[in-house]
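Asks: Below: one structure in structure tokens.
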Amino acid sequence: MDIHEYQAKEILKDFGVTVPAGGLAYSPEQAAYRAREMGGDKWIVKAQVHAGGRGKAGGVKVCSNDVEIQEAAASMLGKKLVTHQTGPEGKGVYRLYVEAGVPIDREIYLGFVLDRTSQRIMIVASSEGGMDIEEISEKKPESIVRATIDPAVGLVEFQAREIAFKLGIEPALTQHMVRTLMGCFRAFRDRDATMVEINPLVVTTDNRVIALDAKMTFDDNALFRHPQISELRDKSQEDPRESHAADRGLSYVGLDGNIGCIVNGAGLAMATMDTIKLSGGEPANFLDIGGGATPERVGKAFRLVRSDAKVEAILVNIFAGINRCDWVAEGVVQALRDEPIDIPVIVRLSGTNVEEGQKILAESGLPIIRASTLKEAADRAVSAWKGDKANKVEVKAV
Ligand code: ADP
Ligand code: MG
């Protein structure tokens with residue numbers, strides 16, 4: 001789960017990381033009020049969306065008076081912000097963070113991630129802040145400093161000092177840098193994060209080390225241990241199709257094509273999407289029904305995939321082990337009886353109770369296209385989708 005910048009800053013502050021003064025605003029007037037409350041002569045108005053790259057996309061604006069703040073706020077609120085991380089549909093801006101302007105001397109990149117190879121928390125830092133880590137590793141790979149943290153002892157001071165040294169932090173600021181690194185590490189560990197990214201962490205002209213941006217992602221499977229963090233979830237930032245599915249215990253991934261996929265297991269999902277592409281189609285999404293799915297669960301999955309306006313054909317591809325083909329068939333048939341649809345439905349069943357499943361499909365009298373192998377299923381899905389589309393265009397023309 002992702003949270004907003006201001007929420008991440010609040011958490012990090014509790015762990016001793018220095019962040020600029022700031023306040024949340026839901027309207028231009030409130031934004032100006034927040035600035036007055038804070039004092040100073042330079043403020044930054046920042047769109048709160050679950051994505052980076054806001055600066056280049058007009059989501060971070062430097063202001064020096066009330067009028068500018070209100071204008072900046074009005075230009076962001078209620079709009080969709082499109083950055084290189086949001087995808088073309090963008091993310092809605094409903095909250096703003098108004099922050100005190102900080103005099104920047106140097107920008108540093110600082111990230112904490114889970115390194116799967118060493119199975120440890122890893123610090124990735126670079127003296128080249130401001131750029132994305134992807135860009136840094138392309139343009140200035142030699143500037144990247146890495147350190148893995150031993151879980152038995154946690155981040156130790158000498159290790160933190162070494163990182164500060166490698167980043168070229170002045171001796172007078174080393175202690176502040178060490179406190180920042182320690183704070184981020186403890187926040188990561190104690191709150192079950194999977195990522196903490198501060199980009200940029202800045203050294204100011206008046207010699208302070210301040211987190212100017214903050215991004216935190218949490219392990220969904222550990223959220224039950226952190227009710228206060230679960231409460232920070234902001235559904236306005238999620239793909240509505242994905243959150244709708246998650247609320248029903250289904251795992252759904254939205255994509256850009258036209259063929260909706262219902263599968264069991266992530267591996268089969270990947271194979272199904274690859275095969276659809278090989279057959280000349282594009283998947284619209286995939287929905288994983290998991291193991292032991294009842295007809296009701298399959299029905300829910302079917303309705304969910306169908307509710308996506310982009311879906312122009314549905315491919316159900318089940319390789320049943322724990323699952324039962326007859327239950328899957330029942331679920332599909334029931335969903336189609338409850339609400340008939342006019343797009344092609346292709347079902348490929350294999351494994352446990354496959355004969356019973358095929359029988360249910362055949363006897364349903366519904367126009368379900370059946371297939372026995374994955375390749376056949378993908379080919380039929382793509383050609384049925386193309387045929388159906390051509391047909392509909394013809395009908396419209398008449
Ligand atoms: P994003 O990463 O989404 O573009 P950031 O919070 O990193 O957003 O802001 C972009 C840039 O704006 C920063 O690299 C920094 O140069 C500047 N900036 C952000 N917050 C402040 C601040 N409080 N004071 C001064 N400059 C800031
Ligand atoms: Mg940033």
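Just remember, in the structure tokens the first chain shown is A, the second B, etc., residues are 1-based per chain, and ligands are 1-based in the order shown.
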Could you pull out all residues of stretch 203-257 of chain A with a DSSP call of strand (DSSP E) and give them as a VMD selection string?
Replies: chain A and resid 203 to 204 209 to 211 215 to 218 251 to 254
Asks: Save the residues we just selected, all heavy atoms, as a CSV table (one decimal), in the first residue's frame?
Replies:
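Result file is selection-v6.csv:
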```
chain,number,residue,atom,x,y,z
A,203,VAL,N,20.8,19.0,1.6
A,203,VAL,CA,21.7,19.8,2.5
A,203,VAL,C,21.3,21.2,2.2
A,203,VAL,O,21.4,21.7,1.1
A,203,VAL,CB,23.2,19.5,2.3
A,203,VAL,CG1,24.0,20.4,3.2
A,203,VAL,CG2,23.5,18.0,2.5
A,204,THR,N,20.9,22.0,3.3
A,204,THR,CA,20.5,23.4,3.0
A,204,THR,C,21.7,24.3,3.1
A,204,THR,O,22.8,23.9,3.7
A,204,THR,CB,19.5,23.8,4.1
A,204,THR,OG1,20.1,23.8,5.4
A,204,THR,CG2,18.3,22.9,4.0
A,209,VAL,N,20.1,18.9,7.3
A,209,VAL,CA,19.8,17.8,6.4
A,209,VAL,C,18.3,17.6,6.4
A,209,VAL,O,17.8,17.3,7.5
A,209,VAL,CB,20.6,16.5,6.8
A,209,VAL,CG1,20.2,15.4,5.9
A,209,VAL,CG2,22.1,16.8,6.8
A,210,ILE,N,17.6,17.9,5.3
A,210,ILE,CA,16.1,17.9,5.4
A,210,ILE,C,15.6,17.0,4.3
A,210,ILE,O,16.0,17.0,3.1
A,210,ILE,CB,15.6,19.3,5.2
A,210,ILE,CG1,16.1,20.2,6.3
A,210,ILE,CG2,14.1,19.3,5.2
A,210,ILE,CD1,15.6,21.6,6.3
A,211,ALA,N,14.5,16.2,4.6
A,211,ALA,CA,13.8,15.4,3.6
A,211,ALA,C,12.8,16.3,2.9
A,211,ALA,O,11.8,16.7,3.5
A,211,ALA,CB,13.1,14.2,4.3
A,215,LYS,N,8.5,9.1,0.2
A,215,LYS,CA,7.6,8.1,-0.4
A,215,LYS,C,7.7,6.9,0.4
A,215,LYS,O,8.9,6.4,0.7
A,215,LYS,CB,8.0,7.8,-1.8
A,215,LYS,CG,7.0,7.1,-2.6
A,215,LYS,CD,7.3,7.1,-4.1
A,215,LYS,CE,6.2,6.3,-4.7
A,215,LYS,NZ,6.6,5.7,-6.0
A,216,MET,N,6.6,6.3,0.9
A,216,MET,CA,6.7,5.0,1.7
A,216,MET,C,5.6,4.1,1.1
A,216,MET,O,4.5,4.5,0.8
A,216,MET,CB,6.4,5.3,3.1
A,216,MET,CG,7.5,5.9,3.9
A,216,MET,SD,7.2,6.0,5.7
A,216,MET,CE,7.8,4.4,6.3
A,217,THR,N,6.1,2.8,1.0
A,217,THR,CA,5.1,1.8,0.6
A,217,THR,C,5.2,0.7,1.7
A,217,THR,O,6.2,0.4,2.2
A,217,THR,CB,5.6,1.2,-0.8
A,217,THR,OG1,5.7,2.2,-1.7
A,217,THR,CG2,4.6,0.1,-1.3
A,218,PHE,N,4.0,0.1,2.0
A,218,PHE,CA,3.9,-0.8,3.0
A,218,PHE,C,3.5,-2.2,2.5
A,218,PHE,O,2.8,-2.4,1.5
A,218,PHE,CB,2.9,-0.4,4.1
A,218,PHE,CG,3.3,0.9,4.7
A,218,PHE,CD1,2.9,2.1,4.2
A,218,PHE,CD2,4.2,0.9,5.8
A,218,PHE,CE1,3.3,3.3,4.7
A,218,PHE,CE2,4.6,2.1,6.4
A,218,PHE,CZ,4.2,3.3,5.8
A,251,SER,N,-7.6,-11.0,-6.8
A,251,SER,CA,-6.5,-10.1,-7.2
A,251,SER,C,-6.6,-9.9,-8.7
A,251,SER,O,-6.8,-10.7,-9.5
A,251,SER,CB,-5.2,-10.7,-6.7
A,251,SER,OG,-4.6,-11.4,-7.7
A,252,TYR,N,-6.7,-8.6,-8.9
A,252,TYR,CA,-7.0,-8.1,-10.3
A,252,TYR,C,-5.9,-7.1,-10.7
A,252,TYR,O,-5.5,-6.2,-9.9
A,252,TYR,CB,-8.3,-7.4,-10.1
A,252,TYR,CG,-8.9,-6.7,-11.4
A,252,TYR,CD1,-9.8,-7.4,-12.2
A,252,TYR,CD2,-8.5,-5.5,-11.8
A,252,TYR,CE1,-10.4,-6.8,-13.3
A,252,TYR,CE2,-9.0,-4.9,-13.0
A,252,TYR,CZ,-9.9,-5.6,-13.7
A,252,TYR,OH,-10.5,-5.0,-14.8
A,253,VAL,N,-5.5,-7.2,-12.0
A,253,VAL,CA,-4.6,-6.2,-12.5
A,253,VAL,C,-5.2,-5.6,-13.8
A,253,VAL,O,-5.5,-6.4,-14.7
A,253,VAL,CB,-3.2,-6.9,-12.8
A,253,VAL,CG1,-2.3,-5.9,-13.5
A,253,VAL,CG2,-2.6,-7.4,-11.5
A,254,GLY,N,-5.3,-4.3,-13.8
A,254,GLY,CA,-5.9,-3.7,-15.0
A,254,GLY,C,-4.8,-3.4,-16.0
A,254,GLY,O,-3.7,-3.0,-15.7
```
Asks: Could you list, as JSON, numbers by chain, all protein and nucleic acid residues with an atom at most 6 Å from ligand 2, counting only C-alpha atoms and all ligand atoms?
Replies: {"A": [52, 199, 200, 213]}
Asks: To one decimal place in Å, what is the distance between atom CA of A:Phe185 and atom CA of A:Lys13?
Replies: 12.5 Å
Asks: All residues within 9 Å of ligand 1 are required, counting only C-alpha atoms and all ligand atoms; please report them as a VMD selection string.
Replies: chain A and resid 5 19 to 22 42 to 49 51 to 62 83 98 to 104 107 129 to 132 198 to 202 211 to 214
Asks: One decimal, Å: what's the distance from atom CA of A:Asp308 over to atom CA of A:Pro240, could you say?
Replies: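 That distance, rounded to one decimal, is 10.1 Å.
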Asks: For A:His50, list every protein, DNA or RNA residue within 9 Å, evaluated using only C-alpha atoms, and leave out those in the same chain fewer than 3 positions away; present the list as an mmCIF file with N, CA and C atoms, in the first residue's frame.
Replies:
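Result file follows (result27.cif):
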```
data_model
loop_
_atom_site.group_PDB
_atom_site.id
_atom_site.type_symbol
_atom_site.label_atom_id
_atom_site.label_comp_id
_atom_site.auth_asym_id
_atom_site.auth_seq_id
_atom_site.Cartn_x
_atom_site.Cartn_y
_atom_site.Cartn_z
ATOM 1 N N ASP A 2 0.479 2.216 -0.831
ATOM 2 C CA ASP A 2 1.204 3.489 -0.889
ATOM 3 C C ASP A 2 0.510 4.518 -0.005
ATOM 4 N N ILE A 3 1.241 5.512 0.429
ATOM 5 C CA ILE A 3 0.641 6.640 1.147
ATOM 6 C C ILE A 3 1.136 7.941 0.517
ATOM 7 N N HIS A 4 0.546 9.052 0.963
ATOM 8 C CA HIS A 4 0.940 10.346 0.411
ATOM 9 C C HIS A 4 2.247 10.853 1.026
ATOM 10 N N GLU A 5 2.836 11.797 0.306
ATOM 11 C CA GLU A 5 4.081 12.421 0.774
ATOM 12 C C GLU A 5 3.935 12.994 2.192
ATOM 13 N N THR A 86 2.381 8.094 -13.520
ATOM 14 C CA THR A 86 0.946 7.842 -13.303
ATOM 15 C C THR A 86 0.302 7.059 -14.438
ATOM 16 N N LYS A 91 -3.557 10.901 -12.110
ATOM 17 C CA LYS A 91 -4.142 10.659 -10.782
ATOM 18 C C LYS A 91 -4.813 11.929 -10.297
ATOM 19 N N LYS A 215 8.507 9.099 0.151
ATOM 20 C CA LYS A 215 7.585 8.121 -0.396
ATOM 21 C C LYS A 215 7.728 6.858 0.448
ATOM 22 N N ASP A 234 -5.780 5.631 0.624
ATOM 23 C CA ASP A 234 -6.570 6.612 -0.118
ATOM 24 C C ASP A 234 -7.024 5.971 -1.427
ATOM 25 N N GLN A 237 -6.638 7.179 -5.115
ATOM 26 C CA GLN A 237 -5.378 7.037 -5.849
ATOM 27 C C GLN A 237 -5.213 5.651 -6.464
ATOM 28 N N GLU A 238 -6.198 4.775 -6.220
ATOM 29 C CA GLU A 238 -6.042 3.409 -6.723
ATOM 30 C C GLU A 238 -6.864 3.226 -7.988
#
```
Asks: Using only C-alpha atoms, can you tell me which of A:Met1, A:Ile341, A:Pro141, A:Ala35 comes closest to A:Met195?
Replies: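 Going through A:Met1, A:Ile341, A:Pro141, A:Ala35 one by one, the smallest distance to A:Met195 is for A:Met1.
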